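A.B. asks: I'm passing along upload_29.tsv; it holds TSV, C-alpha atoms and all ligand atoms.
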```
chain	number	residue	atom	x	y	z
N	1	HIS	CA	-47.66	61.24	-27.65
N	2	VAL	CA	-48.98	63.19	-30.58
N	3	LYS	CA	-50.42	60.78	-33.04
N	4	GLY	CA	-53.01	62.94	-34.75
N	5	ARG	CA	-55.94	61.37	-36.45
N	6	GLY	CA	-54.28	58.05	-37.01
N	7	LYS	CA	-54.31	57.27	-33.33
N	8	ASP	CA	-58.04	57.80	-32.94
N	9	ASP	CA	-58.71	55.55	-35.88
N	10	PHE	CA	-56.47	52.95	-34.42
N	11	GLN	CA	-57.99	53.22	-30.96
N	12	PHE	CA	-61.38	52.62	-32.52
N	13	TYR	CA	-59.93	49.62	-34.24
N	14	VAL	CA	-58.57	48.27	-30.95
N	15	ASP	CA	-61.68	49.04	-28.89
N	16	THR	CA	-63.93	47.15	-31.25
N	17	MET	CA	-61.55	44.26	-31.49
N	18	ASN	CA	-63.17	42.22	-28.75
N	19	VAL	CA	-66.63	42.37	-30.19
N	20	ASP	CA	-65.72	42.06	-33.85
N	21	THR	CA	-63.86	38.96	-34.86
N	22	SER	CA	-63.17	40.05	-38.40
N	23	ASN	CA	-61.60	43.27	-37.18
N	24	ARG	CA	-59.45	41.31	-34.81
N	25	LEU	CA	-58.36	39.04	-37.59
N	26	SER	CA	-57.49	41.93	-39.86
N	27	LEU	CA	-55.48	43.48	-37.08
N	28	GLU	CA	-53.58	40.28	-36.54
N	29	ARG	CA	-52.99	40.18	-40.29
N	30	ASP	CA	-51.77	43.80	-40.15
N	31	LEU	CA	-49.26	43.01	-37.42
N	32	ARG	CA	-48.05	39.92	-39.21
N	33	ARG	CA	-47.60	41.97	-42.36
N	34	ALA	CA	-45.80	44.62	-40.33
N	35	LEU	CA	-43.27	42.01	-39.23
N	36	GLU	CA	-42.81	40.56	-42.71
N	37	GLN	CA	-42.67	43.85	-44.58
N	38	GLN	CA	-40.42	45.67	-42.17
N	39	GLU	CA	-42.96	48.20	-40.96
N	40	LEU	CA	-41.63	47.95	-37.44
N	41	ARG	CA	-38.81	50.24	-36.36
N	42	VAL	CA	-36.45	50.28	-33.43
N	43	TYR	CA	-36.02	53.74	-31.95
N	44	TYR	CA	-33.29	54.43	-29.42
N	45	GLN	CA	-33.33	56.73	-26.43
N	46	PRO	CA	-30.00	57.96	-25.04
N	47	GLN	CA	-29.02	57.15	-21.45
N	48	MET	CA	-26.57	59.76	-20.25
N	49	CYS	CA	-24.11	59.95	-17.39
N	50	ALA	CA	-25.68	62.35	-14.88
N	51	ARG	CA	-22.29	63.79	-13.98
N	52	THR	CA	-20.57	64.21	-17.35
N	53	GLY	CA	-23.45	64.16	-19.84
N	54	ARG	CA	-21.68	61.39	-21.71
N	55	LEU	CA	-23.63	58.77	-23.69
N	56	MET	CA	-23.61	55.52	-21.68
N	57	GLY	CA	-26.26	53.46	-23.36
N	58	VAL	CA	-29.36	53.40	-25.52
N	59	GLU	CA	-32.75	51.86	-24.82
N	60	ALA	CA	-34.44	50.15	-27.76
N	61	LEU	CA	-38.12	51.10	-28.03
N	62	VAL	CA	-40.28	49.56	-30.72
N	63	ARG	CA	-42.43	51.61	-33.12
N	64	TRP	CA	-44.79	50.65	-35.91
N	65	GLN	CA	-44.64	52.78	-39.02
N	66	HIS	CA	-48.16	51.93	-40.15
N	67	PRO	CA	-48.80	52.71	-43.83
N	68	GLU	CA	-52.15	54.39	-43.16
N	69	LEU	CA	-52.09	55.31	-39.47
N	70	GLY	CA	-48.59	56.74	-39.19
N	71	LEU	CA	-46.18	56.10	-36.35
N	72	LEU	CA	-47.71	53.91	-33.64
N	73	TYR	CA	-46.36	53.50	-30.10
N	74	PRO	CA	-46.00	50.31	-28.05
N	75	ARG	CA	-49.16	50.88	-26.04
N	76	ASP	CA	-51.13	50.89	-29.30
N	77	PHE	CA	-50.07	47.43	-30.39
N	78	LEU	CA	-48.07	45.54	-27.73
N	79	PRO	CA	-51.17	44.37	-25.79
N	80	LEU	CA	-52.49	43.08	-29.08
N	81	ALA	CA	-49.25	41.38	-29.92
N	82	GLU	CA	-49.40	39.63	-26.56
N	83	GLU	CA	-52.95	38.46	-27.24
N	84	THR	CA	-52.27	37.16	-30.71
N	85	LYS	CA	-49.03	35.46	-29.66
N	86	LEU	CA	-47.12	37.56	-32.17
N	87	ILE	CA	-45.16	38.99	-29.24
N	88	GLY	CA	-42.58	36.21	-29.56
N	89	ASP	CA	-41.75	37.06	-33.16
N	90	LEU	CA	-41.92	40.76	-32.44
N	91	SER	CA	-39.55	40.52	-29.48
N	92	GLU	CA	-37.05	38.46	-31.43
N	93	TRP	CA	-37.21	40.96	-34.26
N	94	VAL	CA	-36.55	43.89	-31.91
N	95	LEU	CA	-33.59	42.20	-30.22
N	96	LYS	CA	-32.06	41.04	-33.50
N	97	THR	CA	-32.54	44.40	-35.21
N	98	ALA	CA	-31.17	46.36	-32.28
N	99	CYS	CA	-28.09	44.13	-31.98
N	100	GLU	CA	-27.47	44.29	-35.73
N	101	GLU	CA	-27.86	48.06	-35.85
N	102	LEU	CA	-25.75	48.83	-32.80
N	103	GLN	CA	-22.99	46.29	-33.38
N	104	PRO	CA	-21.12	48.45	-35.96
N	105	TRP	CA	-21.31	51.42	-33.59
N	106	ILE	CA	-19.55	49.51	-30.89
N	107	ALA	CA	-16.89	48.32	-33.34
N	108	LYS	CA	-16.57	51.45	-35.49
N	109	TYR	CA	-16.67	54.17	-32.88
N	110	ARG	CA	-14.86	51.99	-30.34
N	111	ALA	CA	-17.63	52.90	-27.96
N	112	ASP	CA	-16.35	50.45	-25.38
N	113	THR	CA	-18.89	51.23	-22.73
N	114	LEU	CA	-21.90	51.74	-24.98
N	115	ARG	CA	-24.71	49.54	-23.72
N	116	LEU	CA	-27.88	48.37	-25.41
N	117	SER	CA	-31.00	48.01	-23.25
N	118	VAL	CA	-33.88	45.92	-24.54
N	119	ASN	CA	-37.29	45.46	-22.93
N	120	VAL	CA	-38.73	41.98	-22.67
N	121	SER	CA	-42.35	40.96	-22.21
N	122	PRO	CA	-43.72	38.55	-19.58
N	123	MET	CA	-44.71	35.97	-22.19
N	124	GLN	CA	-41.24	36.09	-23.67
N	125	VAL	CA	-39.53	35.50	-20.33
N	126	GLU	CA	-41.90	32.68	-19.39
N	127	HIS	CA	-41.15	30.81	-22.61
N	128	PRO	CA	-38.92	27.76	-21.93
N	129	ASN	CA	-36.60	28.86	-24.75
N	130	PHE	CA	-36.12	32.43	-23.53
N	131	VAL	CA	-32.47	32.18	-22.53
N	132	ASP	CA	-31.42	30.16	-25.57
N	133	SER	CA	-33.21	32.43	-28.00
N	134	VAL	CA	-31.65	35.58	-26.52
N	135	LEU	CA	-28.14	34.15	-26.57
N	136	LYS	CA	-28.59	32.72	-30.06
N	137	LEU	CA	-29.72	36.07	-31.47
N	138	VAL	CA	-26.95	37.96	-29.75
N	139	ASP	CA	-24.25	35.52	-30.84
N	140	GLY	CA	-25.78	35.35	-34.31
N	141	CYS	CA	-25.02	39.01	-34.97
N	142	ASN	CA	-21.69	39.01	-33.13
N	143	PHE	CA	-23.01	41.37	-30.53
N	144	PRO	CA	-20.92	41.36	-27.35
N	145	ALA	CA	-23.23	39.91	-24.68
N	146	ASP	CA	-21.68	42.09	-21.98
N	147	HIS	CA	-22.95	45.19	-23.80
N	148	LEU	CA	-26.53	43.98	-23.57
N	149	GLU	CA	-28.93	44.84	-20.77
N	150	ILE	CA	-32.33	43.16	-20.44
N	151	GLU	CA	-35.09	45.22	-18.80
N	152	ILE	CA	-37.63	43.27	-16.79
N	153	THR	CA	-40.43	44.51	-14.57
N	154	GLU	CA	-41.28	43.54	-11.01
N	155	SER	CA	-44.49	41.86	-12.12
N	156	MET	CA	-42.45	39.23	-13.96
N	157	ILE	CA	-40.64	38.30	-10.76
N	158	MET	CA	-43.72	37.85	-8.62
N	159	ASN	CA	-44.93	34.74	-10.42
N	160	ASP	CA	-42.06	32.35	-10.08
N	161	LEU	CA	-38.95	33.68	-8.39
N	162	GLU	CA	-37.10	30.39	-8.62
N	163	GLN	CA	-37.57	30.00	-12.34
N	164	ILE	CA	-36.75	33.59	-13.24
N	165	SER	CA	-33.74	33.49	-10.97
N	166	ARG	CA	-32.39	30.51	-12.89
N	167	LYS	CA	-33.00	32.13	-16.27
N	168	LEU	CA	-31.52	35.49	-15.36
N	169	GLY	CA	-28.58	33.70	-13.80
N	170	GLN	CA	-27.85	31.95	-17.10
N	171	LEU	CA	-27.92	35.28	-18.93
N	172	ALA	CA	-25.79	37.00	-16.29
N	173	ASP	CA	-23.24	34.18	-16.54
N	174	ARG	CA	-22.76	35.19	-20.15
N	175	GLY	CA	-22.25	38.83	-19.15
N	176	VAL	CA	-25.75	40.07	-19.93
N	177	ARG	CA	-26.84	42.79	-17.50
N	178	ILE	CA	-30.28	42.79	-15.88
N	179	ALA	CA	-32.25	45.95	-15.11
N	180	ILE	CA	-35.48	46.36	-13.16
N	181	ASP	CA	-37.66	48.73	-15.18
N	182	ASP	CA	-40.28	51.05	-13.65
N	183	PHE	CA	-38.83	50.26	-10.24
N	184	GLY	CA	-41.19	50.96	-7.37
N	185	THR	CA	-44.44	50.62	-9.30
N	186	GLY	CA	-44.86	46.84	-9.19
N	187	TYR	CA	-46.46	46.14	-5.79
N	188	SER	CA	-43.81	43.53	-5.12
N	189	SER	CA	-41.82	42.93	-1.97
N	190	LEU	CA	-38.18	43.93	-1.93
N	191	ASN	CA	-36.80	40.55	-0.97
N	192	TYR	CA	-36.20	39.53	-4.59
N	193	ILE	CA	-33.55	42.18	-5.07
N	194	HIS	CA	-30.69	40.38	-3.41
N	195	ARG	CA	-31.86	37.00	-4.70
N	196	LEU	CA	-31.59	37.90	-8.38
N	197	PRO	CA	-28.50	38.86	-10.43
N	198	ILE	CA	-29.61	42.47	-10.88
N	199	HIS	CA	-27.23	45.17	-12.07
N	200	THR	CA	-29.47	48.19	-12.53
N	201	LEU	CA	-32.53	49.83	-11.03
N	202	LYS	CA	-34.51	52.18	-13.24
N	203	VAL	CA	-36.34	54.73	-11.12
N	204	ASP	CA	-39.81	55.06	-12.60
N	205	GLN	CA	-40.68	58.33	-14.30
N	206	SER	CA	-43.68	58.87	-12.01
N	207	PHE	CA	-41.28	59.46	-9.08
N	208	VAL	CA	-39.04	61.70	-11.16
N	209	ARG	CA	-42.03	63.77	-12.24
N	210	ASP	CA	-42.91	64.37	-8.58
N	211	ILE	CA	-39.49	65.58	-7.54
N	212	ARG	CA	-39.75	68.83	-5.72
N	213	ARG	CA	-37.24	69.35	-2.99
N	214	GLY	CA	-38.72	68.22	0.32
N	215	ASP	CA	-41.80	66.65	-1.28
N	216	ASP	CA	-42.98	63.05	-1.06
N	217	GLY	CA	-41.76	62.32	-4.59
N	218	ALA	CA	-38.28	63.47	-3.65
N	219	CYS	CA	-38.33	61.33	-0.49
N	220	ILE	CA	-39.14	58.22	-2.51
N	221	VAL	CA	-36.41	58.96	-5.04
N	222	ASN	CA	-33.95	59.58	-2.18
N	223	ALA	CA	-34.84	56.22	-0.63
N	224	ILE	CA	-34.54	54.31	-3.90
N	225	VAL	CA	-31.18	55.85	-4.72
N	226	ALA	CA	-29.88	55.21	-1.19
N	227	MET	CA	-30.95	51.58	-1.32
N	228	ALA	CA	-29.53	51.03	-4.81
N	229	LYS	CA	-26.21	52.54	-3.77
N	230	GLY	CA	-26.09	50.38	-0.65
N	231	LEU	CA	-26.62	47.33	-2.83
N	232	GLN	CA	-24.07	48.64	-5.33
N	233	LEU	CA	-26.55	48.75	-8.18
N	234	GLN	CA	-26.42	51.09	-11.14
N	235	ILE	CA	-29.22	53.68	-10.99
N	236	ILE	CA	-30.92	55.14	-14.05
N	237	ALA	CA	-33.67	57.72	-13.61
N	238	GLU	CA	-36.34	57.68	-16.29
N	239	GLY	CA	-38.48	60.52	-17.58
N	240	VAL	CA	-36.00	63.29	-16.81
N	241	GLU	CA	-37.43	66.32	-18.58
N	242	THR	CA	-35.95	69.35	-16.84
N	243	GLU	CA	-32.60	70.71	-15.75
N	244	THR	CA	-33.96	70.93	-12.19
N	245	GLN	CA	-34.73	67.23	-12.14
N	246	LEU	CA	-31.32	66.43	-13.61
N	247	GLN	CA	-29.53	68.54	-11.00
N	248	TYR	CA	-31.49	67.02	-8.16
N	249	LEU	CA	-30.73	63.48	-9.33
N	250	ARG	CA	-27.07	64.27	-9.95
N	251	ASP	CA	-26.72	65.73	-6.44
N	252	LEU	CA	-28.26	62.56	-5.02
N	253	GLY	CA	-25.66	60.50	-6.81
N	254	CYS	CA	-27.95	58.92	-9.39
N	255	HIS	CA	-25.61	57.54	-12.07
N	256	GLU	CA	-27.54	57.95	-15.30
N	257	VAL	CA	-30.54	59.80	-16.63
N	258	GLN	CA	-32.86	59.17	-19.53
N	259	GLY	CA	-35.64	61.44	-20.74
N	260	PHE	CA	-36.79	64.25	-22.96
N	261	PHE	CA	-34.24	66.62	-21.38
N	262	TYR	CA	-31.54	64.86	-23.39
N	263	GLY	CA	-33.79	63.48	-26.05
N	264	ALA	CA	-36.67	61.18	-26.96
N	265	ALA	CA	-36.22	57.85	-28.71
N	266	ARG	CA	-35.29	58.20	-32.39
N	267	PRO	CA	-33.62	56.26	-35.21
N	268	LEU	CA	-30.06	55.25	-34.39
N	269	SER	CA	-28.51	57.47	-37.09
N	270	GLU	CA	-29.87	60.52	-35.29
N	271	LEU	CA	-27.99	59.55	-32.13
N	272	ALA	CA	-24.56	60.05	-33.67
N	273	GLN	CA	-24.46	63.57	-32.20
N	274	TYR	CA	-24.29	62.05	-28.71
N	275	LEU	CA	-21.11	60.10	-29.36
N	276	PRO	CA	-17.99	61.75	-27.93
N	277	GLU	CA	-15.82	60.57	-30.85
N	278	GLN	CA	-18.34	61.93	-33.29
N	279	LYS	CA	-18.40	65.22	-31.44
N	280	ALA	CA	-14.64	65.42	-31.52
N	281	ALA	CA	-14.63	64.66	-35.24
N	282	GLN	CA	-17.09	67.47	-35.83
N	283	ILE	CA	-14.98	69.97	-33.93
N	284	ILE	CA	-11.77	69.08	-35.80
I	301	LIG	P1	-40.36	51.78	-20.64
I	301	LIG	O1	-39.44	50.65	-20.97
I	301	LIG	O2	-40.47	52.19	-19.22
I	301	LIG	O3	-39.87	52.96	-21.57
I	301	LIG	C1	-39.96	54.31	-21.21
I	301	LIG	C2	-41.10	55.01	-21.91
I	301	LIG	O4	-41.11	56.37	-21.50
I	301	LIG	C3	-40.96	55.04	-23.43
I	301	LIG	O5	-42.28	55.04	-23.97
I	301	LIG	C4	-40.31	56.40	-23.66
I	301	LIG	O6	-40.52	56.91	-24.96
I	301	LIG	C5	-41.00	57.24	-22.62
I	301	LIG	N1	-40.19	58.39	-22.20
I	301	LIG	C6	-38.86	58.53	-22.30
I	301	LIG	N2	-38.45	59.71	-21.77
I	301	LIG	C7	-39.55	60.33	-21.32
I	301	LIG	C8	-39.78	61.60	-20.67
I	301	LIG	O7	-38.87	62.39	-20.41
I	301	LIG	N3	-41.07	61.89	-20.34
I	301	LIG	C9	-42.10	61.03	-20.62
I	301	LIG	N4	-43.33	61.40	-20.25
I	301	LIG	N5	-41.92	59.83	-21.24
I	301	LIG	C10	-40.67	59.49	-21.59
I	301	LIG	P2	-42.68	54.10	-25.19
I	301	LIG	O8	-41.58	54.06	-26.20
I	301	LIG	O9	-44.04	54.51	-25.62
I	301	LIG	O10	-42.73	52.65	-24.53
I	301	LIG	C11	-43.68	52.34	-23.56
I	301	LIG	C12	-43.41	51.00	-22.94
I	301	LIG	O11	-43.58	49.96	-23.90
I	301	LIG	C13	-41.98	50.84	-22.44
I	301	LIG	O12	-41.85	51.42	-21.18
I	301	LIG	C14	-41.83	49.34	-22.43
I	301	LIG	O13	-42.35	48.80	-21.24
I	301	LIG	C15	-42.69	48.91	-23.59
I	301	LIG	N6	-41.86	48.59	-24.77
I	301	LIG	C16	-41.30	49.44	-25.66
I	301	LIG	N7	-40.61	48.78	-26.61
I	301	LIG	C17	-40.70	47.46	-26.28
I	301	LIG	C18	-40.18	46.24	-26.89
I	301	LIG	O14	-39.46	46.23	-27.89
I	301	LIG	N8	-40.53	45.06	-26.26
I	301	LIG	C19	-41.29	45.03	-25.14
I	301	LIG	N9	-41.57	43.85	-24.60
I	301	LIG	N10	-41.79	46.14	-24.57
I	301	LIG	C20	-41.49	47.35	-25.12
I	302	MG	MG	-37.69	50.05	-20.44
I	303	MG	MG	-39.69	52.40	-17.48
I	304	MG	MG	-42.91	50.92	-18.69
```
Step by step, read the file and then write its structure as structure tokens.

C.D. replies:
Amino acid sequence: HVKGRGKDDFQFYVDTMNVDTSNRLSLERDLRRALEQQELRVYYQPQMCARTGRLMGVEALVRWQHPELGLLYPRDFLPLAEETKLIGDLSEWVLKTACEELQPWIAKYRADTLRLSVNVSPMQVEHPNFVDSVLKLVDGCNFPADHLEIEITESMIMNDLEQISRKLGQLADRGVRIAIDDFGTGYSSLNYIHRLPIHTLKVDQSFVRDIRRGDDGACIVNAIVAMAKGLQLQIIAEGVETETQLQYLRDLGCHEVQGFFYGAARPLSELAQYLPEQKAAQII
């Protein structure tokens, strides 16, 4: 990410946080203000059908438009949000905003299959109210629950399989889809896969980056795709940056791709170009 000078300043800010209580407090104040004064943004990255290049879904990725430091990325402030317990408010804000923003798209453009993917944090999932709060937010903005996908990571499953299974089951019962993000990087065993209501595996970008026909990276991607297909899961490859990677994944039978090849995350309005209806309207 190119963040220019702002990022260095911010990194300094973060690094000194642990030793300097007043800095930490001002940072917490900053984040709180960011939430209240709408400095946070939801950016959306397109998820495209590998075969047809059609827009299938968007992943919501949070940004912080900091008044002095410019656009900040999740890794600059999510760890902090977790520490200060602001992650709960932040997560709810992201989900609510994303549902509100995308809802008209689904209605207006009749984008029947358009799916919204939202990342959740470990603290959020562990909260006793997780399921209720998700469903309440979704229902509150009339967002169709079966167009929502929740992205969890393997590390969240390792702690308490029983509990997470129950929670995800409740969401899945309402039509919410569940995706495993960064699949293959979590040091977990595979036995959770058929014990949880999972719909999608997201192949981590580190494997996609290593794809070179015949190489180890390619072997791992081949194995993941083969397993996912056997289990009848949807497969999305992350971090697809080149035509070569896209072609390789398409030939393997990977369903969807997401990455800089098609486009980085951006404000929703800038994604209109990916809609087939919109395209048609432009041509006519
Ligand atoms: P993730 O969910 O695995 O998201 C993919 C990350 O890869 C995003 O980084 C995205 O901008 C980046 N990316 C997309 N395509 C490419 C590509 O072709 N090449 C490369 N090198 N990178 C690509 P981002 O937006 O900085 O987010 C980082 C992580 O922060 C996310 O990883 C996710 O775990 C977390 N995150 C983002 N937004 C939220 C949120 O609202 N809530 C929670 N709990 N976590 C979030
Ligand atoms: Mg994700
Ligand atoms: Mg990922
Ligand atoms: Mg990640």

A.B. asks: Pick out the residues no farther than 9 Å from ligand MG 304 (chain I), counting all atoms listed in the file, and list them as a PyMOL selection string.

C.D. replies: chain N and resi 119+153+181-182+204-205

A.B. asks: Which residue, N:Pro128, N:Gly217, N:Gly186, N:Pro197, has the smallest gap to ligand MG 303 (chain I) when you use only C-alpha atoms and all ligand atoms?

C.D. replies: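 Ranking N:Pro128, N:Gly217, N:Gly186, N:Pro197 by distance to ligand MG 303 (chain I), first place goes to N:Gly186.
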
A.B. asks: Tell me which protein, DNA and RNA residues are within 10 Å of Glu100 (chain N), counting all atoms listed in the file, leaving out same-chain ones fewer than 4 positions away, and put them as a list in words.

C.D. replies: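 Once the nearby chain positions are removed, what remains is Val94, Leu95, Lys96, Pro104, Trp105, Leu137, Val138, Gly140, Cys141, Asn142 and Phe143 of chain N.
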
A.B. asks: Quick one: write out the picked residues with C-alpha atoms as a PDB file, in the frame of the given file?

C.D. replies:
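Below is the file that was written, part_35.pdb:
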```pdb
ATOM      1  CA  VAL N  94     -36.550  43.890 -31.910  1.00  0.00           C
ATOM      2  CA  LEU N  95     -33.590  42.200 -30.220  1.00  0.00           C
ATOM      3  CA  LYS N  96     -32.060  41.040 -33.500  1.00  0.00           C
ATOM      4  CA  PRO N 104     -21.120  48.450 -35.960  1.00  0.00           C
ATOM      5  CA  TRP N 105     -21.310  51.420 -33.590  1.00  0.00           C
ATOM      6  CA  LEU N 137     -29.720  36.070 -31.470  1.00  0.00           C
ATOM      7  CA  VAL N 138     -26.950  37.960 -29.750  1.00  0.00           C
ATOM      8  CA  GLY N 140     -25.780  35.350 -34.310  1.00  0.00           C
ATOM      9  CA  CYS N 141     -25.020  39.010 -34.970  1.00  0.00           C
ATOM     10  CA  ASN N 142     -21.690  39.010 -33.130  1.00  0.00           C
ATOM     11  CA  PHE N 143     -23.010  41.370 -30.530  1.00  0.00           C
TER      12      PHE N 143
END
```

A.B. asks: Which polymer residues, whether protein, DNA or RNA, lie within 9 Å of the coordinate (-23.4, 36.6, -21.3) when you count only C-alpha atoms? List them as a PDB file with C-alpha atoms, in the frame of the given file, using the chain letters and numbers from the file.

C.D. replies:
```pdb
ATOM      1  CA  LEU N 135     -28.140  34.150 -26.570  1.00  0.00           C
ATOM      2  CA  PRO N 144     -20.920  41.360 -27.350  1.00  0.00           C
ATOM      3  CA  ALA N 145     -23.230  39.910 -24.680  1.00  0.00           C
ATOM      4  CA  ASP N 146     -21.680  42.090 -21.980  1.00  0.00           C
ATOM      5  CA  HIS N 147     -22.950  45.190 -23.800  1.00  0.00           C
ATOM      6  CA  LEU N 148     -26.530  43.980 -23.570  1.00  0.00           C
ATOM      7  CA  GLN N 170     -27.850  31.950 -17.100  1.00  0.00           C
ATOM      8  CA  LEU N 171     -27.920  35.280 -18.930  1.00  0.00           C
ATOM      9  CA  ALA N 172     -25.790  37.000 -16.290  1.00  0.00           C
ATOM     10  CA  ASP N 173     -23.240  34.180 -16.540  1.00  0.00           C
ATOM     11  CA  ARG N 174     -22.760  35.190 -20.150  1.00  0.00           C
ATOM     12  CA  GLY N 175     -22.250  38.830 -19.150  1.00  0.00           C
ATOM     13  CA  VAL N 176     -25.750  40.070 -19.930  1.00  0.00           C
ATOM     14  CA  ARG N 177     -26.840  42.790 -17.500  1.00  0.00           C
TER      15      ARG N 177
END
```

A.B. asks: Could you list the protein, DNA and RNA residues that have any atom within 12 Å of ligand MG 303 (chain I), counting all atoms listed in the file, and write them as a count of residues only?

C.D. replies: 36

A.B. asks: Do a neighbour search on Val131 (chain N) at 10 Å with all atoms listed in the file, toss out local chain neighbours closer than 4 positions, and write the hits as a PyMOL selection string.

C.D. replies: chain N and resi 124-127+135-136+166-171

A.B. asks: Using all atoms listed in the file, which of the listed residues (N:Arg32, N:His66, N:Lys85, N:Arg75) sits closest to Pro122 (chain N)?

C.D. replies: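 Closest to Pro122 (chain N), using all atoms listed in the file: N:Lys85.
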
A.B. asks: Tell me which of N:Glu270, N:Glu162, N:Glu101, N:Asp76 sits closest to ligand LIG 301 (chain I), counting all atoms listed in the file.

C.D. replies: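 Looking at the shortest contact to ligand LIG 301 (chain I), the residue is N:Asp76.
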
A.B. asks: Could you tell me which of N:Thr84, N:Gln273, N:Phe130, N:Gly70 comes closest to Glu28 (chain N) if we count all atoms listed in the file?

C.D. replies: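 Result for the nearest residue to Glu28 (chain N): N:Thr84.
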
A.B. asks: Applying 12 Å and only C-alpha atoms, which residues near Asn191 (chain N) remain after dropping the ones on its own chain fewer than 6 positions away? List them as a VMD selection string.

C.D. replies: chain N and resid 154 157 to 158 161

A.B. asks: Go through N:Leu116, N:Ile106, N:Leu31, N:Leu40 one by one, measure the shortest atom-to-atom distance of each to Glu83 (chain N) using only C-alpha atoms, and give the residue with the smallest value.

C.D. replies: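 Nearest candidate to Glu83 (chain N) out of N:Leu116, N:Ile106, N:Leu31, N:Leu40: N:Leu31.
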
A.B. asks: Which is closer to Gly88 (chain N) than all the others in N:Gln247, N:Ser121, N:Thr113, N:Gln103, using all atoms listed in the file?

C.D. replies: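 Of N:Gln247, N:Ser121, N:Thr113, N:Gln103, the one nearest Gly88 (chain N) is N:Ser121, counting all atoms listed in the file.
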
A.B. asks: Dump as a PyMOL selection string all residues having an atom at most 6 Å from (-20.8, 51.7, -22.7), computed in the file's coordinates with all atoms listed in the file.

C.D. replies: chain N and resi 56-57+112-115
